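Asks: My questions will all concern the structure given below.
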Amino acid sequence: MNGQGGTAVRMTGVRLRQPHFQLGPIHLEVPAGFVTAIVGPNGSGKSTTFRLMLDLTKPDEGGIEVLGRTIGNGKSIELLKRVGYLPEEPYRHDNVIRGMDKAEFYKHWYPDWDVNHYRELLRLFEVDHSIRLGKMSKGMRRKFDLALTLSHHPDLLLLDEPSSGLDPLAWRTMIELLHRYMESGDRTILIASHVVEEVKRLADFIVFMVNGKVLGMYEKDELLTGWHQFYFPGGYEKWRAVLSEMPGLAGLEDAGGVVRAVTSSAREADAWIAARELVPAGRKSMELDDILAVLVEREKRQRQYGMKGVVQ
Ligand SMILES: Nc1ncnc2c1ncn2[C@@H]1O[C@H](COP(=O)(O)OP(=O)(O)OP(=O)(O)O)[C@@H](O)[C@H]1O
């Protein structure tokens, strides 16, 4: 991992109220010099959070700092030249212009525009920029937008579902380019992604977002080594009371003849199981999407029943 210390984005008590959606309060510190991935189900507020960071949406409450400057005080424009943003959907209003016309605009707008890097990226991605943006295929447009975003050497890169539409070869190129982008050690990526492999390959930290709330931020390796599931033979009632004491218990459910206990502290749970001479029928490490599923379920239950615990 690289890293220069400091915070690239700080959100403090940020709230946004919409008729059918409440975001926040969000407290989030995105560390500078690292890749942080926001992982969460559809509609959980990931793109909205990006828009808040870019001053494209105004919060109802709270403060946002990007690269050490306050957002929303009318002075964001110069700051945003240091930020590269790849929105989830390409902008439609520039469908009528050619790729090269948009690059010309970037050249004038971004002080660190690097035409050689831009040309290299177009070559790598095999994108023809003489085509109108609206005529490019979805994947070609994604690659073009990615090339543009990387070619002004932003200090902070906000990528919203960057691999949407990319073929596997282009995806691999993108991962390599993002690793290269991080090599200087002082740049930061914040990425929203549903692609487990992408998050595993890129992220140093993972933020889980569910239903407009940040459920926690974790160091990736600690997360993946810490979360395990144990299976105990027998019915739920037999195990409920005993397993409710298990360290790090994050989920407990009847899985048809066995009880599945999920812990976020596998090492402590192992010692606890050994000390009680319990014999699990099996155990498995967990993937990111398994962990997300447990967190979503727990959040849903807390919302419905106001329950704090994981045991019914
Ligand atoms: N159950 C729902 N049904 C329809 N729309 C919803 C629902 N929950 C949230 N939304 C909408 O989703 C918006 C937030 O979406 P946002 O794009 O920020 O989320 P996201 O996490 O980026 O989602 P996605 O993964 O689908 O891109 C809210 O403004 C709200 O209108």
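Chain lettering (A, B, ...) mirrors the order of the structure tokens, residue numbering begins at 1 for each chain separately, and ligand numbering begins at 1 in order of display.
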Please write out the residues within 7 Å of ligand 1 as a ChimeraX atom specification, counting only C-alpha atoms and all ligand atoms.

Replies: /A:18,20-21,40-49

Asks: Those residues with C-alpha atoms, as a short mmCIF file (atom, residue, chain, number, x, y, z; two decimals), in the first residue's frame please?

Replies:
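Listing of again_23.cif after writing:
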```
data_model
loop_
_atom_site.label_atom_id
_atom_site.label_comp_id
_atom_site.auth_asym_id
_atom_site.auth_seq_id
_atom_site.Cartn_x
_atom_site.Cartn_y
_atom_site.Cartn_z
CA GLN A 18 -35.51 13.73 -0.46
CA HIS A 20 -38.43 9.03 -0.92
CA PHE A 21 -34.85 8.87 0.23
CA GLY A 40 -23.55 -1.23 -1.30
CA PRO A 41 -26.81 -2.38 -2.89
CA ASN A 42 -28.69 -0.43 -5.58
CA GLY A 43 -30.15 2.80 -4.33
CA SER A 44 -28.03 2.92 -1.18
CA GLY A 45 -26.72 6.41 -2.03
CA LYS A 46 -23.24 5.80 -3.46
CA SER A 47 -23.67 8.04 -6.53
CA THR A 48 -25.47 10.66 -4.45
CA THR A 49 -22.48 10.71 -2.10
#
```

Asks: Residues of range 201-243 of chain A that approach range 264-280 of chain A to 8 Å or less, counting only C-alpha atoms: could you list each one with the shortest pair of atoms and its distance in Å to one decimal, rows by chain and increasing residue number, as JSON lines?

Replies:
```
{"residue": "A:Leu223", "atom": "CA", "partner": "A:Ser264", "partner_atom": "CA", "distance": 7.5}
{"residue": "A:Thr225", "atom": "CA", "partner": "A:Ala266", "partner_atom": "CA", "distance": 7.4}
{"residue": "A:Gly226", "atom": "CA", "partner": "A:Ser265", "partner_atom": "CA", "distance": 4.9}
{"residue": "A:Trp227", "atom": "CA", "partner": "A:Ser264", "partner_atom": "CA", "distance": 4.2}
{"residue": "A:His228", "atom": "CA", "partner": "A:Ala266", "partner_atom": "CA", "distance": 5.8}
{"residue": "A:Phe230", "atom": "CA", "partner": "A:Pro280", "partner_atom": "CA", "distance": 6.4}
{"residue": "A:Tyr231", "atom": "CA", "partner": "A:Pro280", "partner_atom": "CA", "distance": 5.5}
{"residue": "A:Phe232", "atom": "CA", "partner": "A:Pro280", "partner_atom": "CA", "distance": 4.7}
{"residue": "A:Pro233", "atom": "CA", "partner": "A:Pro280", "partner_atom": "CA", "distance": 7.1}
```

Asks: Okay, now the selection with C-alpha atoms, as an mmCIF file, in the first residue's frame?

Replies:
```cif
data_model
loop_
_atom_site.group_PDB
_atom_site.id
_atom_site.type_symbol
_atom_site.label_atom_id
_atom_site.label_comp_id
_atom_site.auth_asym_id
_atom_site.auth_seq_id
_atom_site.Cartn_x
_atom_site.Cartn_y
_atom_site.Cartn_z
ATOM 1 C CA LEU A 223 -12.080 -7.604 6.685
ATOM 2 C CA THR A 225 -9.513 -12.538 7.166
ATOM 3 C CA GLY A 226 -11.813 -11.474 10.015
ATOM 4 C CA TRP A 227 -15.205 -12.513 8.609
ATOM 5 C CA HIS A 228 -15.943 -16.236 8.711
ATOM 6 C CA PHE A 230 -19.312 -21.455 11.148
ATOM 7 C CA TYR A 231 -21.899 -24.209 10.810
ATOM 8 C CA PHE A 232 -23.152 -26.043 13.913
ATOM 9 C CA PRO A 233 -25.197 -29.238 13.607
#
```

Asks: Just checking: using only C-alpha atoms, which residue out of A:Gln229, A:Arg301, A:Lys238, A:Leu121 ends up closest to Arg283 in chain A?

Replies: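 For Arg283 in chain A, the nearest of the given residues is A:Gln229.
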
Asks: Write out as a PyMOL selection string all residues of range 38-272 of chain A that backbone DSSP assigns to strand (DSSP E or B).

Replies: chain A and resi 38-39+61-66+69-70+83-86+98+132+156-160+188-192+205-210+213-219+228-233+249-254+258-263

Asks: For CA of Glu222 in chain A and CA of Arg303 in chain A, quote the distance in Å rounded to one decimal.

Replies: 27.4 Å

Asks: Which residue is closest to Asp112 in chain A? Choose from A:Ile175, A:Gly68, A:Ser151, A:Arg51 and count only C-alpha atoms.

Replies: A:Ser151

Asks: Need to verify the contact set: Glu126 in chain A, 10 Å, only C-alpha atoms, exclusion of same-chain residues closer than 6 positions in sequence. Can you return it as a PyMOL selection string?

Replies: chain A and resi 120+140+143-144+170

Asks: Let's have the selection written as a compact mmCIF listing (two decimals), in the first residue's frame, with N, CA and C atoms.

Replies:
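So part.txt came out as:
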```
# COMPACT_ATOMS: atom_id res chain seq x y z
N GLU A 120 -1.76 8.02 -25.45
CA GLU A 120 -1.34 6.67 -25.07
C GLU A 120 -2.57 5.85 -24.60
N MET A 140 -16.89 1.53 -25.55
CA MET A 140 -15.95 2.49 -26.14
C MET A 140 -16.08 3.85 -25.46
N LYS A 143 -14.46 3.72 -22.12
CA LYS A 143 -13.00 3.77 -22.21
C LYS A 143 -12.54 5.19 -22.54
N PHE A 144 -13.30 5.85 -23.43
CA PHE A 144 -12.94 7.23 -23.79
C PHE A 144 -13.03 8.14 -22.55
N ALA A 170 -10.48 -4.97 -21.67
CA ALA A 170 -10.48 -3.55 -21.31
C ALA A 170 -10.50 -3.42 -19.78
```

Asks: Quick one: everything within 7 Å of Arg132 in chain A, counting only C-alpha atoms, minus sequence neighbours fewer than 3 positions away in the same chain. Send it as an MDAnalysis selection string.

Replies: chainID A and resid 95:99 135:136

Asks: Output C-alpha atoms of each residue in that selection to a file, as a short mmCIF file (atom, residue, chain, number, x, y, z; two decimals), in the first residue's frame.

Replies:
```cif
data_model
loop_
_atom_site.label_atom_id
_atom_site.label_comp_id
_atom_site.auth_asym_id
_atom_site.auth_seq_id
_atom_site.Cartn_x
_atom_site.Cartn_y
_atom_site.Cartn_z
CA ASN A 95 -23.40 13.17 -27.48
CA VAL A 96 -23.30 15.40 -30.57
CA ILE A 97 -19.62 16.32 -30.34
CA ARG A 98 -16.64 14.16 -31.32
CA GLY A 99 -14.27 12.71 -28.75
CA LYS A 135 -22.19 7.09 -31.74
CA MET A 136 -19.62 5.26 -29.61
#
```

Asks: When you look at Leu56 in chain A with a cut-off of 12 Å (counting only C-alpha atoms), what residues show up, excluding the ones that are within fewer than 2 positions of it in the same chain? I need them as a PyMOL selection string.

Replies: chain A and resi 47-54+58-59+71-72+74+76-77+80+85+87

Asks: Only C-alpha atoms, please: the residues just picked out, written as an mmCIF file, in the first residue's frame.

Replies:
```
data_model
loop_
_atom_site.group_PDB
_atom_site.id
_atom_site.type_symbol
_atom_site.label_atom_id
_atom_site.label_comp_id
_atom_site.auth_asym_id
_atom_site.auth_seq_id
_atom_site.Cartn_x
_atom_site.Cartn_y
_atom_site.Cartn_z
ATOM 1 C CA SER A 47 -23.668 8.035 -6.533
ATOM 2 C CA THR A 48 -25.466 10.657 -4.455
ATOM 3 C CA THR A 49 -22.480 10.709 -2.097
ATOM 4 C CA PHE A 50 -20.159 11.371 -5.048
ATOM 5 C CA ARG A 51 -22.413 14.180 -6.243
ATOM 6 C CA LEU A 52 -22.307 15.755 -2.782
ATOM 7 C CA MET A 53 -18.488 15.620 -2.790
ATOM 8 C CA LEU A 54 -18.454 17.393 -6.173
ATOM 9 C CA LYS A 58 -26.207 20.429 -1.843
ATOM 10 C CA PRO A 59 -26.562 18.704 1.506
ATOM 11 C CA ILE A 71 -17.050 22.303 -0.588
ATOM 12 C CA GLY A 72 -20.055 24.509 -1.266
ATOM 13 C CA GLY A 74 -18.677 29.142 -4.009
ATOM 14 C CA SER A 76 -15.197 24.786 -5.487
ATOM 15 C CA ILE A 77 -14.456 25.287 -9.183
ATOM 16 C CA LEU A 80 -12.539 20.509 -8.741
ATOM 17 C CA TYR A 85 -14.880 12.222 -11.918
ATOM 18 C CA PRO A 87 -20.041 9.388 -13.410
#
```

Asks: Considering only C-alpha atoms, return as number ranges by chain whatever protein or nucleic-acid residues lie within 12 Å of Glu253 in chain A, sequence-local ones (same chain, fewer than 2 positions apart) excluded.

Replies: A: 229-232, 234-240, 243-244, 249-251, 255-262, 294, 297-298, 310-312

Asks: Let me see the file: selected residues, C-alpha atoms, as a PDB file, in the first residue's frame.

Replies:
```pdb
ATOM      1  CA  GLN A 229     -19.030 -18.392   8.935  1.00  0.00           C
ATOM      2  CA  PHE A 230     -19.312 -21.455  11.148  1.00  0.00           C
ATOM      3  CA  TYR A 231     -21.899 -24.209  10.810  1.00  0.00           C
ATOM      4  CA  PHE A 232     -23.152 -26.043  13.913  1.00  0.00           C
ATOM      5  CA  GLY A 234     -28.732 -29.159  15.031  1.00  0.00           C
ATOM      6  CA  GLY A 235     -31.620 -26.746  15.353  1.00  0.00           C
ATOM      7  CA  TYR A 236     -31.644 -23.005  15.926  1.00  0.00           C
ATOM      8  CA  GLU A 237     -33.184 -23.218  19.405  1.00  0.00           C
ATOM      9  CA  LYS A 238     -30.413 -25.553  20.569  1.00  0.00           C
ATOM     10  CA  TRP A 239     -27.710 -23.047  19.664  1.00  0.00           C
ATOM     11  CA  ARG A 240     -29.347 -19.637  19.997  1.00  0.00           C
ATOM     12  CA  LEU A 243     -23.853 -18.738  20.118  1.00  0.00           C
ATOM     13  CA  SER A 244     -25.246 -15.333  21.024  1.00  0.00           C
ATOM     14  CA  LEU A 249     -21.288 -12.343  16.068  1.00  0.00           C
ATOM     15  CA  ALA A 250     -22.822 -10.580  13.046  1.00  0.00           C
ATOM     16  CA  GLY A 251     -25.483 -13.072  11.969  1.00  0.00           C
ATOM     17  CA  ALA A 255     -29.771 -23.041   7.539  1.00  0.00           C
ATOM     18  CA  GLY A 256     -31.849 -26.252   7.397  1.00  0.00           C
ATOM     19  CA  GLY A 257     -30.518 -28.735   9.946  1.00  0.00           C
ATOM     20  CA  VAL A 258     -27.508 -26.601  10.744  1.00  0.00           C
ATOM     21  CA  VAL A 259     -27.120 -23.202  12.305  1.00  0.00           C
ATOM     22  CA  ARG A 260     -24.971 -20.666  10.498  1.00  0.00           C
ATOM     23  CA  ALA A 261     -23.087 -18.244  12.744  1.00  0.00           C
ATOM     24  CA  VAL A 262     -21.254 -15.353  11.090  1.00  0.00           C
ATOM     25  CA  VAL A 294     -25.181 -10.076   6.230  1.00  0.00           C
ATOM     26  CA  GLU A 297     -29.988  -8.170   6.482  1.00  0.00           C
ATOM     27  CA  ARG A 298     -28.915  -6.786   9.861  1.00  0.00           C
ATOM     28  CA  VAL A 310     -28.379 -10.275  15.532  1.00  0.00           C
ATOM     29  CA  VAL A 311     -30.207 -12.942  17.524  1.00  0.00           C
ATOM     30  CA  GLN A 312     -33.982 -13.087  17.136  1.00  0.00           C
TER      31      GLN A 312
END
```

Asks: Write out as a PyMOL selection string which residues come within 10 Å of range 177-182 of chain A when counting only C-alpha atoms, dropping same-chain ones fewer than 5 positions away.

Replies: chain A and resi 1-3+33-35+121+124+146-147+150+153-155+157+171-172+187-189+201-202

Asks: Which of these residues is nearest to Asp55 in chain A, using only C-alpha atoms: A:Lys200, A:Ile38, A:Asn73, A:Arg119?

Replies: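 Nearest to Asp55 in chain A: A:Asn73.
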
Asks: Taking into account only C-alpha atoms, which residue in the set A:Ile206, A:Glu104, A:Gly216, A:Glu89 is nearest to His27 in chain A?

Replies: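 Closest to His27 in chain A of all the choices is A:Gly216.
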
Asks: What does the distance between CA of Ser184 in chain A and CA of Ala32 in chain A come to in Å, to one decimal place?

Replies: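 Straight-line distance from CA of Ser184 in chain A to CA of Ala32 in chain A works out to 12.0 Å.
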
Asks: One decimal, Å: what's the distance from CA of Lys300 in chain A over to CA of Ala241 in chain A, could you say?

Replies: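 Computing it gives 22.2 Å between the two atoms.
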
Asks: In terms of the shortest atom-to-atom distance over only C-alpha atoms, which of A:Lys220, A:Lys107, A:Lys213, A:Arg10 is closest to Leu23 in chain A?

Replies: A:Lys213

Asks: Among the residues of range 162-279 of chain A, find those DSSP assigns to alpha helix (DSSP H) from the backbone and print them as a VMD selection string.

Replies: chain A and resid 168 to 182 196 to 202 220 to 226 236 to 243 266 to 275

Asks: Print the selection's residues with C-alpha atoms to a file, as a JSON list (two decimals), in the first residue's frame.

Replies:
```
[["chain", "number", "residue", "atom", "x", "y", "z"],
["A", 168, "PRO", "CA", -12.68, -8.42, -19.92],
["A", 169, "LEU", "CA", -9.57, -7.21, -21.76],
["A", 170, "ALA", "CA", -10.48, -3.55, -21.31],
["A", 171, "TRP", "CA", -11.29, -4.30, -17.67],
["A", 172, "ARG", "CA", -7.79, -5.71, -17.14],
["A", 173, "THR", "CA", -6.26, -2.67, -18.80],
["A", 174, "MET", "CA", -8.30, -0.40, -16.54],
["A", 175, "ILE", "CA", -7.11, -2.23, -13.40],
["A", 176, "GLU", "CA", -3.47, -1.92, -14.55],
["A", 177, "LEU", "CA", -3.92, 1.78, -15.32],
["A", 178, "LEU", "CA", -5.43, 2.46, -11.92],
["A", 179, "HIS", "CA", -2.56, 0.64, -10.20],
["A", 180, "ARG", "CA", -0.17, 2.79, -12.26],
["A", 181, "TYR", "CA", -2.09, 5.93, -11.31],
["A", 182, "MET", "CA", -1.56, 5.10, -7.62],
["A", 196, "VAL", "CA", -16.19, -8.09, -6.16],
["A", 197, "GLU", "CA", -13.02, -8.93, -8.10],
["A", 198, "GLU", "CA", -12.47, -5.25, -8.92],
["A", 199, "VAL", "CA", -12.79, -4.22, -5.28],
["A", 200, "LYS", "CA", -10.49, -7.05, -4.18],
["A", 201, "ARG", "CA", -7.82, -6.10, -6.71],
["A", 202, "LEU", "CA", -7.93, -2.35, -6.18],
["A", 220, "LYS", "CA", -9.70, -4.88, 3.19],
["A", 221, "ASP", "CA", -7.30, -7.62, 4.29],
["A", 222, "GLU", "CA", -8.51, -7.43, 7.91],
["A", 223, "LEU", "CA", -12.08, -7.60, 6.68],
["A", 224, "LEU", "CA", -11.53, -10.67, 4.52],
["A", 225, "THR", "CA", -9.51, -12.54, 7.17],
["A", 226, "GLY", "CA", -11.81, -11.47, 10.02],
["A", 236, "TYR", "CA", -31.64, -23.00, 15.93],
["A", 237, "GLU", "CA", -33.18, -23.22, 19.41],
["A", 238, "LYS", "CA", -30.41, -25.55, 20.57],
["A", 239, "TRP", "CA", -27.71, -23.05, 19.66],
["A", 240, "ARG", "CA", -29.35, -19.64, 20.00],
["A", 241, "ALA", "CA", -28.35, -18.84, 23.58],
["A", 242, "VAL", "CA", -24.85, -20.35, 23.40],
["A", 243, "LEU", "CA", -23.85, -18.74, 20.12],
["A", 266, "ALA", "CA", -12.65, -15.15, 13.31],
["A", 267, "ARG", "CA", -9.54, -15.47, 15.47],
["A", 268, "GLU", "CA", -11.34, -14.61, 18.72],
["A", 269, "ALA", "CA", -14.25, -16.85, 17.69],
["A", 270, "ASP", "CA", -11.85, -19.75, 17.12],
["A", 271, "ALA", "CA", -10.39, -19.37, 20.62],
["A", 272, "TRP", "CA", -13.89, -19.02, 22.09],
["A", 273, "ILE", "CA", -15.10, -22.19, 20.30],
["A", 274, "ALA", "CA", -12.03, -24.15, 21.44],
["A", 275, "ALA", "CA", -12.39, -22.99, 25.04]]
```
